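What follows is the content of work-v3.pdb (PDB, C-alpha atoms and all ligand atoms).
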```
ATOM      1  CA  MET A   1     -25.545   3.571   1.786
ATOM      2  CA  PRO A   2     -24.796   6.673   3.856
ATOM      3  CA  ASP A   3     -27.052   9.659   2.993
ATOM      4  CA  GLN A   4     -24.159  12.037   2.367
ATOM      5  CA  LYS A   5     -21.841  11.239  -0.531
ATOM      6  CA  SER A   6     -18.194  11.005   0.413
ATOM      7  CA  ILE A   7     -14.636  10.657  -0.841
ATOM      8  CA  LEU A   8     -11.614   9.074   0.798
ATOM      9  CA  VAL A   9      -8.148  10.599   0.480
ATOM     10  CA  PHE A  10      -4.928   8.792   1.386
ATOM     11  CA  SER A  11      -2.020  11.020   2.390
ATOM     12  CA  ALA A  12       1.290   9.367   3.191
ATOM     13  CA  HIS A  13       2.488  12.427   5.111
ATOM     14  CA  ALA A  14       1.059  15.468   6.828
ATOM     15  CA  ALA A  15       1.051  17.796   3.810
ATOM     16  CA  ASP A  16       0.796  15.578   0.738
ATOM     17  CA  PHE A  17      -2.981  15.973   0.407
ATOM     18  CA  VAL A  18      -2.651  19.765   0.432
ATOM     19  CA  TRP A  19      -0.197  20.145  -2.447
ATOM     20  CA  ARG A  20      -1.509  17.335  -4.615
ATOM     21  CA  ALA A  21      -5.277  17.347  -4.090
ATOM     22  CA  GLY A  22      -6.195  20.411  -2.002
ATOM     23  CA  GLY A  23      -8.265  21.898  -4.822
ATOM     24  CA  THR A  24     -10.190  18.673  -5.399
ATOM     25  CA  ILE A  25     -10.856  18.298  -1.689
ATOM     26  CA  ALA A  26     -12.122  21.881  -1.384
ATOM     27  CA  LEU A  27     -14.237  21.497  -4.532
ATOM     28  CA  TYR A  28     -16.017  18.350  -3.373
ATOM     29  CA  SER A  29     -16.429  19.702   0.130
ATOM     30  CA  SER A  30     -18.103  22.798  -1.367
ATOM     31  CA  ARG A  31     -20.455  20.444  -3.237
ATOM     32  CA  GLY A  32     -21.633  18.902   0.034
ATOM     33  CA  TYR A  33     -19.476  15.767   0.043
ATOM     34  CA  LYS A  34     -17.967  14.423   3.211
ATOM     35  CA  VAL A  35     -14.220  14.337   2.555
ATOM     36  CA  ARG A  36     -12.162  12.176   4.889
ATOM     37  CA  ILE A  37      -8.362  12.258   4.769
ATOM     38  CA  LEU A  38      -6.432   9.300   6.158
ATOM     39  CA  CYS A  39      -2.971  10.570   7.046
ATOM     40  CA  LEU A  40      -0.646   7.603   7.544
ATOM     41  CA  SER A  41       2.395   9.482   8.891
ATOM     42  CA  PHE A  42       3.270  12.958  10.144
ATOM     43  CA  GLY A  43       6.315  12.983   7.860
ATOM     44  CA  GLU A  44       8.387  13.659  10.938
ATOM     45  CA  ARG A  45      11.670  12.416   9.491
ATOM     46  CA  GLY A  46      11.497  13.102   5.789
ATOM     47  CA  GLU A  47       9.260  16.048   4.983
ATOM     48  CA  SER A  48       9.754  18.376   7.929
ATOM     49  CA  GLN A  49      13.010  20.129   7.058
ATOM     50  CA  GLY A  50      11.709  23.534   8.173
ATOM     51  CA  ALA A  51      10.812  22.217  11.614
ATOM     52  CA  TRP A  52      14.185  20.478  12.082
ATOM     53  CA  LYS A  53      16.009  23.762  11.430
ATOM     54  CA  GLN A  54      14.509  25.204  14.628
ATOM     55  CA  ALA A  55      16.552  24.944  17.846
ATOM     56  CA  ASN A  56      16.059  22.091  20.347
ATOM     57  CA  MET A  57      13.714  20.159  18.115
ATOM     58  CA  THR A  58      12.556  16.643  19.046
ATOM     59  CA  ILE A  59      10.706  14.010  17.059
ATOM     60  CA  GLU A  60       7.615  14.419  19.256
ATOM     61  CA  ARG A  61       7.629  18.190  18.795
ATOM     62  CA  VAL A  62       7.946  17.782  15.009
ATOM     63  CA  LYS A  63       4.936  15.474  15.055
ATOM     64  CA  GLU A  64       2.939  18.009  17.063
ATOM     65  CA  ILE A  65       3.840  20.803  14.623
ATOM     66  CA  ARG A  66       2.916  18.706  11.596
ATOM     67  CA  ARG A  67      -0.331  17.496  13.165
ATOM     68  CA  ALA A  68      -1.356  21.079  13.921
ATOM     69  CA  GLU A  69      -0.508  22.278  10.395
ATOM     70  CA  SER A  70      -2.294  19.386   8.801
ATOM     71  CA  THR A  71      -5.391  19.735  10.963
ATOM     72  CA  LYS A  72      -5.589  23.424  10.107
ATOM     73  CA  ALA A  73      -5.195  22.727   6.385
ATOM     74  CA  ALA A  74      -7.926  20.073   6.456
ATOM     75  CA  GLN A  75     -10.261  22.500   8.252
ATOM     76  CA  ILE A  76      -9.621  25.185   5.644
ATOM     77  CA  LEU A  77     -10.388  22.674   2.868
ATOM     78  CA  GLY A  78     -13.564  21.510   4.624
ATOM     79  CA  ALA A  79     -12.341  17.964   5.269
ATOM     80  CA  GLU A  80     -12.103  15.531   8.181
ATOM     81  CA  ILE A  81      -8.658  14.118   8.921
ATOM     82  CA  ARG A  82      -7.569  10.997  10.795
ATOM     83  CA  PHE A  83      -3.965  10.348  11.800
ATOM     84  CA  PHE A  84      -2.484   6.868  12.036
ATOM     85  CA  ASP A  85       1.064   7.785  13.183
ATOM     86  CA  SER A  86       2.530   4.773  11.356
ATOM     87  CA  GLY A  87       6.146   5.939  11.442
ATOM     88  CA  ASP A  88       8.111   7.717   8.744
ATOM     89  CA  TYR A  89      11.048   6.527   6.653
ATOM     90  CA  PRO A  90       9.602   3.957   6.623
ATOM     91  CA  ILE A  91       5.829   3.922   7.108
ATOM     92  CA  VAL A  92       4.965   0.519   8.571
ATOM     93  CA  ILE A  93       1.301  -0.475   8.508
ATOM     94  CA  SER A  94       0.134  -2.744  11.334
ATOM     95  CA  GLN A  95      -2.726  -5.230  11.078
ATOM     96  CA  ALA A  96      -4.749  -2.961  13.373
ATOM     97  CA  THR A  97      -4.279  -0.032  10.985
ATOM     98  CA  THR A  98      -5.170  -2.206   7.998
ATOM     99  CA  ASP A  99      -8.415  -3.193   9.711
ATOM    100  CA  ALA A 100      -9.148   0.398  10.695
ATOM    101  CA  ILE A 101      -8.790   1.488   7.077
ATOM    102  CA  VAL A 102     -10.979  -1.361   5.802
ATOM    103  CA  ALA A 103     -13.569  -0.177   8.332
ATOM    104  CA  GLU A 104     -13.262   3.377   6.937
ATOM    105  CA  TYR A 105     -14.055   2.093   3.450
ATOM    106  CA  ARG A 106     -17.068   0.124   4.645
ATOM    107  CA  ASP A 107     -18.327   2.989   6.790
ATOM    108  CA  LEU A 108     -17.988   5.690   4.159
ATOM    109  CA  GLN A 109     -18.703   3.743   0.934
ATOM    110  CA  PRO A 110     -16.812   6.528  -0.925
ATOM    111  CA  GLU A 111     -17.736   7.676  -4.427
ATOM    112  CA  PHE A 112     -14.029   7.703  -5.307
ATOM    113  CA  VAL A 113     -10.591   7.432  -3.746
ATOM    114  CA  LEU A 114      -7.482   9.607  -4.099
ATOM    115  CA  THR A 115      -3.987   8.341  -3.392
ATOM    116  CA  HIS A 116      -0.323   8.470  -4.414
ATOM    117  CA  SER A 117       1.335   7.146  -7.584
ATOM    118  CA  PHE A 118       2.547   3.541  -7.856
ATOM    119  CA  LEU A 119       6.189   4.663  -8.023
ATOM    120  CA  ASP A 120       8.204   7.439  -6.439
ATOM    121  CA  PRO A 121      11.984   7.023  -6.348
ATOM    122  CA  TYR A 122      12.230  10.201  -4.237
ATOM    123  CA  ASN A 123      10.125   8.948  -1.363
ATOM    124  CA  PRO A 124       9.425   5.268  -0.681
ATOM    125  CA  ASP A 125       6.541   6.112   1.662
ATOM    126  CA  HIS A 126       4.426   7.407  -1.231
ATOM    127  CA  PRO A 127       4.226   4.023  -3.018
ATOM    128  CA  THR A 128       3.499   2.486   0.398
ATOM    129  CA  ALA A 129       0.443   4.732   0.693
ATOM    130  CA  ASN A 130      -0.623   3.700  -2.818
ATOM    131  CA  LYS A 131      -0.298   0.043  -1.884
ATOM    132  CA  VAL A 132      -2.234   0.497   1.360
ATOM    133  CA  ALA A 133      -5.064   2.340  -0.401
ATOM    134  CA  LEU A 134      -5.441  -0.315  -3.097
ATOM    135  CA  GLU A 135      -5.024  -3.343  -0.853
ATOM    136  CA  THR A 136      -7.493  -2.190   1.788
ATOM    137  CA  ARG A 137      -9.989  -1.306  -0.957
ATOM    138  CA  VAL A 138      -9.825  -4.913  -2.163
ATOM    139  CA  TYR A 139     -10.156  -6.283   1.380
ATOM    140  CA  ALA A 140     -13.189  -4.042   2.004
ATOM    141  CA  GLN A 141     -14.854  -5.597  -1.067
ATOM    142  CA  ALA A 142     -14.386  -9.162   0.194
ATOM    143  CA  LEU A 143     -17.458 -10.590   1.926
ATOM    144  CA  GLY A 144     -15.177 -12.952   3.826
ATOM    145  CA  TYR A 145     -12.992 -10.215   5.355
ATOM    146  CA  PRO A 146     -13.868 -10.503   9.030
ATOM    147  CA  LEU A 147     -15.047  -6.996   9.841
ATOM    148  CA  PRO A 148     -18.578  -5.621  10.199
ATOM    149  CA  GLY A 149     -20.159  -3.322   7.631
ATOM    150  CA  LYS A 150     -21.440  -3.585   4.096
ATOM    151  CA  ALA A 151     -18.906  -4.873   1.576
ATOM    152  CA  LEU A 152     -17.523  -2.135  -0.656
ATOM    153  CA  ASN A 153     -18.470  -1.806  -4.339
ATOM    154  CA  ALA A 154     -15.769  -0.616  -6.740
ATOM    155  CA  PRO A 155     -15.092   3.091  -6.249
ATOM    156  CA  PRO A 156     -12.726   4.540  -8.884
ATOM    157  CA  VAL A 157      -9.213   5.334  -7.704
ATOM    158  CA  PHE A 158      -7.393   8.424  -8.944
ATOM    159  CA  LEU A 159      -3.657   8.937  -8.416
ATOM    160  CA  PHE A 160      -2.774  12.534  -7.683
ATOM    161  CA  GLU A 161       0.271  14.188  -9.178
ATOM    162  CA  PRO A 162       3.668  13.320  -7.682
ATOM    163  CA  HIS A 163       6.301  16.007  -7.207
ATOM    164  CA  GLN A 164       8.359  14.801 -10.204
ATOM    165  CA  PRO A 165       5.882  12.929 -12.407
ATOM    166  CA  GLU A 166       8.276  11.699 -15.111
ATOM    167  CA  GLN A 167      10.392   9.799 -12.584
ATOM    168  CA  CYS A 168       7.253   8.250 -11.119
ATOM    169  CA  GLU A 169       5.972   7.034 -14.504
ATOM    170  CA  TRP A 170       2.793   9.023 -13.869
ATOM    171  CA  LYS A 171       0.794  10.708 -16.648
ATOM    172  CA  PRO A 172      -2.133  13.121 -16.377
ATOM    173  CA  GLN A 173      -5.317  11.486 -17.682
ATOM    174  CA  LEU A 174      -7.837  13.823 -16.075
ATOM    175  CA  LEU A 175      -7.611  17.542 -15.473
ATOM    176  CA  LEU A 176     -10.060  18.820 -12.867
ATOM    177  CA  ASP A 177     -10.956  22.524 -12.905
ATOM    178  CA  VAL A 178     -10.283  23.850  -9.396
ATOM    179  CA  THR A 179     -10.422  27.556 -10.285
ATOM    180  CA  PRO A 180     -13.477  28.256  -8.042
ATOM    181  CA  VAL A 181     -11.630  27.010  -4.928
ATOM    182  CA  TRP A 182      -8.071  28.083  -5.719
ATOM    183  CA  GLU A 183      -7.950  30.725  -2.984
ATOM    184  CA  THR A 184      -8.998  28.078  -0.472
ATOM    185  CA  LYS A 185      -6.229  25.742  -1.617
ATOM    186  CA  HIS A 186      -3.707  28.548  -1.368
ATOM    187  CA  LYS A 187      -4.787  29.319   2.211
ATOM    188  CA  ALA A 188      -4.375  25.629   3.083
ATOM    189  CA  MET A 189      -0.879  25.617   1.545
ATOM    190  CA  GLU A 190       0.014  28.643   3.692
ATOM    191  CA  SER A 191      -0.696  26.634   6.838
ATOM    192  CA  MET A 192       2.205  24.326   5.913
ATOM    193  CA  GLU A 193       4.894  26.533   7.410
ATOM    194  CA  ALA A 194       7.498  23.729   7.508
ATOM    195  CA  GLN A 195       7.503  23.657   3.689
ATOM    196  CA  THR A 196       7.162  27.257   2.519
ATOM    197  CA  HIS A 197       9.360  26.542  -0.528
ATOM    198  CA  LEU A 198       6.518  24.503  -2.032
ATOM    199  CA  TRP A 199       3.828  27.227  -2.054
ATOM    200  CA  GLU A 200       5.096  28.863  -5.225
ATOM    201  CA  TYR A 201       5.936  25.554  -6.891
ATOM    202  CA  TYR A 202       2.396  24.217  -6.530
ATOM    203  CA  THR A 203       0.843  27.531  -7.541
ATOM    204  CA  ASP A 204       2.843  27.386 -10.767
ATOM    205  CA  LEU A 205       1.832  23.761 -11.307
ATOM    206  CA  GLY A 206      -1.859  24.584 -10.785
ATOM    207  CA  LYS A 207      -1.611  27.332 -13.417
ATOM    208  CA  ARG A 208       0.190  25.049 -15.870
ATOM    209  CA  ARG A 209      -2.411  22.296 -15.501
ATOM    210  CA  GLY A 210      -5.121  24.955 -15.908
ATOM    211  CA  THR A 211      -3.583  26.112 -19.184
ATOM    212  CA  GLN A 212      -3.402  22.503 -20.350
ATOM    213  CA  ALA A 213      -7.061  21.955 -19.409
ATOM    214  CA  VAL A 214      -8.087  24.806 -21.729
ATOM    215  CA  ARG A 215      -5.770  23.500 -24.444
ATOM    216  CA  ASN A 216      -7.458  20.094 -24.183
ATOM    217  CA  GLY A 217     -10.935  21.480 -24.814
ATOM    218  CA  GLY A 218     -11.939  22.843 -21.391
ATOM    219  CA  PRO A 219     -13.776  26.158 -20.958
ATOM    220  CA  LYS A 220     -11.616  29.276 -21.395
ATOM    221  CA  GLY A 221     -12.349  30.343 -17.805
ATOM    222  CA  ILE A 222     -10.216  27.578 -16.308
ATOM    223  CA  ARG A 223      -7.189  29.126 -14.600
ATOM    224  CA  TYR A 224      -6.157  26.364 -12.204
ATOM    225  CA  ALA A 225      -6.448  22.593 -12.418
ATOM    226  CA  GLU A 226      -5.285  19.444 -10.659
ATOM    227  CA  ALA A 227      -4.275  16.360 -12.627
ATOM    228  CA  PHE A 228      -4.950  12.681 -11.958
ATOM    229  CA  GLN A 229      -4.146   9.293 -13.406
ATOM    230  CA  ARG A 230      -6.706   6.481 -13.289
ATOM    231  CA  VAL A 231      -6.014   3.008 -11.907
ATOM    232  CA  TYR A 232      -9.065   1.135 -13.201
ATOM    233  CA  PRO A 233     -10.969   1.473 -16.499
ATOM    234  CA  GLN A 234     -13.726   4.061 -16.654
ATOM    235  CA  VAL A 235     -17.135   2.471 -17.212
ATOM    236  CA  THR A 236     -19.265   4.443 -19.651
ATOM    237  CA  SER A 237     -21.984   4.146 -22.266
ATOM    238  CA  GLU A 238     -20.557   7.068 -24.262
ATOM    239  CA  LEU A 239     -17.101   7.795 -25.577
ATOM    240  CA  SER A 240     -16.414  11.436 -24.917
TER     241      SER A 240
HETATM  242 ZN    ZN B 301       4.966  12.828   1.313
END
```

Once you've parsed the file, please lay out its structure as structure tokens.
Amino acid sequence: MPDQKSILVFSAHAADFVWRAGGTIALYSSRGYKVRILCLSFGERGESQGAWKQANMTIERVKEIRRAESTKAAQILGAEIRFFDSGDYPIVISQATTDAIVAEYRDLQPEFVLTHSFLDPYNPDHPTANKVALETRVYAQALGYPLPGKALNAPPVFLFEPHQPEQCEWKPQLLLDVTPVWETKHKAMESMEAQTHLWEYYTDLGKRRGTQAVRNGGPKGIRYAEAFQRVYPQVTSELS
């Protein structure tokens, strides 16, 4: 096992990890965890409207802009980020990328994994990222999968909140208090200049989830939270 505990975050596009899990990433980074983000696509076709409104834009320039924004956001949150440039609309995962991600699992042996919801009728790349995260996790567990490294145990997988949760059949099952790192998340959101319209939306959502955390028995001091849905059963000796 590596000495430093770690978490693995799957982000379909350049900014998804910021809106949906930026607080969680900053929180675990502040606790000394290594946080590694695997960014499958720059979102160069679908989630870069702001960049495409600029004059003389090209697909390569959009990718450069998104890479720079994303790298800056990851730095602010205290995370490492790796880009796979697997296309956009659609993301297509090669065998080489599959193997590289299996190797990430075996190298990091993460305490838990964050990824997208199973469904998202607004963006087909998000379920692709979910599928990639879950499939490669299973491959990394298999002793017979022909890559070096220790086989993976069974890290829990948490699905972060999609933009329109009802349509994605996603429900919040955990509310994580991210109040201590909210300013950090907000700074990371501000580095996403191609999507300024989302800053306020995700600030409002963080507040709403924070209010719900208090309503569900959390300490009164919670002001901001991020919500997750589990994939696998929680193993426990206590019901709480
Ligand atoms: Zn996305």

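Of note, CA of Ser86 (chain A) and CA of Ser41 (chain A) are spaced 5.3 Å apart.
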
Return as a Markdown table the residues of region 62-168 of chain A lying at most 10 Å from region 229-238 of chain A, together with the closest atom-to-atom pair for each and the distance in Å to one decimal, counting all atoms listed in the file, with rows in chain order and ascending residue number.
```
| residue | atom | partner | partner_atom | distance |
| --- | --- | --- | --- | --- |
| A:Leu114 | CA | A:Arg230 | CA | 9.7 |
| A:His116 | CA | A:Gln229 | CA | 9.8 |
| A:Ser117 | CA | A:Gln229 | CA | 8.3 |
| A:Phe118 | CA | A:Val231 | CA | 9.5 |
| A:Leu134 | CA | A:Val231 | CA | 9.4 |
| A:Ala154 | CA | A:Tyr232 | CA | 9.5 |
| A:Pro155 | CA | A:Tyr232 | CA | 9.4 |
| A:Pro156 | CA | A:Tyr232 | CA | 6.6 |
| A:Val157 | CA | A:Val231 | CA | 5.8 |
| A:Phe158 | CA | A:Arg230 | CA | 4.8 |
| A:Leu159 | CA | A:Gln229 | CA | 5.0 |
| A:Phe160 | CA | A:Gln229 | CA | 6.7 |
| A:Glu161 | CA | A:Gln229 | CA | 7.8 |
```

Would you write out, as CSV, a table of all residues in chain A that have an atom no more than 8 Å from an atom of ligand ZN 301 (chain B), listing for each the closest atom pair and the distance in Å to one decimal, considering all atoms listed in the file and ordering rows by chain and rising residue number?
```
residue,atom,partner,partner_atom,distance
A:Ser11,CA,B:ZN301,ZN,7.3
A:Ala12,CA,B:ZN301,ZN,5.4
A:His13,CA,B:ZN301,ZN,4.6
A:Ala14,CA,B:ZN301,ZN,7.3
A:Ala15,CA,B:ZN301,ZN,6.8
A:Asp16,CA,B:ZN301,ZN,5.0
A:Gly43,CA,B:ZN301,ZN,6.7
A:Gly46,CA,B:ZN301,ZN,7.9
A:Glu47,CA,B:ZN301,ZN,6.5
A:Asn123,CA,B:ZN301,ZN,7.0
A:Asp125,CA,B:ZN301,ZN,6.9
A:His126,CA,B:ZN301,ZN,6.0
```

Inset, instruction - Measuring atom to atom with all atoms listed in the file, identify which of A:Ala21, A:Ala79, A:Ala151, A:Ala74 is nearest to Val102 (chain A). - result: A:Ala151

Legend entry - Among listed residues A:Glu135, A:Glu166, A:Glu104, A:Glu200, nearest Tyr122 (chain A) (using only C-alpha atoms): A:Glu166

Inset, instruction - May I have the residues within 12 Å of region 195-197 of chain A as a PyMOL selection string, using only C-alpha atoms and disregarding those fewer than 6 positions away in the same chain? - result: chain A and resi 14-16+18-19+43+46-53+65-66+69-70+186+188-189+203

Deliver the residues from the most recent selection as a file, using C-alpha atoms, as a PDB file, keeping the file's coordinate frame.
```
ATOM      1  CA  ALA A  14       1.059  15.468   6.828  1.00  0.00           C
ATOM      2  CA  ALA A  15       1.051  17.796   3.810  1.00  0.00           C
ATOM      3  CA  ASP A  16       0.796  15.578   0.738  1.00  0.00           C
ATOM      4  CA  VAL A  18      -2.651  19.765   0.432  1.00  0.00           C
ATOM      5  CA  TRP A  19      -0.197  20.145  -2.447  1.00  0.00           C
ATOM      6  CA  GLY A  43       6.315  12.983   7.860  1.00  0.00           C
ATOM      7  CA  GLY A  46      11.497  13.102   5.789  1.00  0.00           C
ATOM      8  CA  GLU A  47       9.260  16.048   4.983  1.00  0.00           C
ATOM      9  CA  SER A  48       9.754  18.376   7.929  1.00  0.00           C
ATOM     10  CA  GLN A  49      13.010  20.129   7.058  1.00  0.00           C
ATOM     11  CA  GLY A  50      11.709  23.534   8.173  1.00  0.00           C
ATOM     12  CA  ALA A  51      10.812  22.217  11.614  1.00  0.00           C
ATOM     13  CA  TRP A  52      14.185  20.478  12.082  1.00  0.00           C
ATOM     14  CA  LYS A  53      16.009  23.762  11.430  1.00  0.00           C
ATOM     15  CA  ILE A  65       3.840  20.803  14.623  1.00  0.00           C
ATOM     16  CA  ARG A  66       2.916  18.706  11.596  1.00  0.00           C
ATOM     17  CA  GLU A  69      -0.508  22.278  10.395  1.00  0.00           C
ATOM     18  CA  SER A  70      -2.294  19.386   8.801  1.00  0.00           C
ATOM     19  CA  HIS A 186      -3.707  28.548  -1.368  1.00  0.00           C
ATOM     20  CA  ALA A 188      -4.375  25.629   3.083  1.00  0.00           C
ATOM     21  CA  MET A 189      -0.879  25.617   1.545  1.00  0.00           C
ATOM     22  CA  THR A 203       0.843  27.531  -7.541  1.00  0.00           C
TER      23      THR A 203
END
```

Legend entry - A:Ala129, A:Thr24, A:Gln109, A:Thr184 ranked by distance to Gln141 (chain A), top pick (using only C-alpha atoms): A:Gln109

Name the residues in contact with Ala142 (chain A) at a cut-off of 10 Å, using only C-alpha atoms, excluding same-chain residues fewer than 5 positions from it; report them as a tab-separated table (two decimals) with C-alpha atoms, in the coordinates of the input.
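Heads up, here's the output in part38.tsv:
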```tsv
chain	number	residue	atom	x	y	z
A	136	THR	CA	-7.49	-2.19	1.79
A	137	ARG	CA	-9.99	-1.31	-0.96
A	147	LEU	CA	-15.05	-7.00	9.84
A	150	LYS	CA	-21.44	-3.58	4.10
A	151	ALA	CA	-18.91	-4.87	1.58
A	152	LEU	CA	-17.52	-2.13	-0.66
A	153	ASN	CA	-18.47	-1.81	-4.34
```
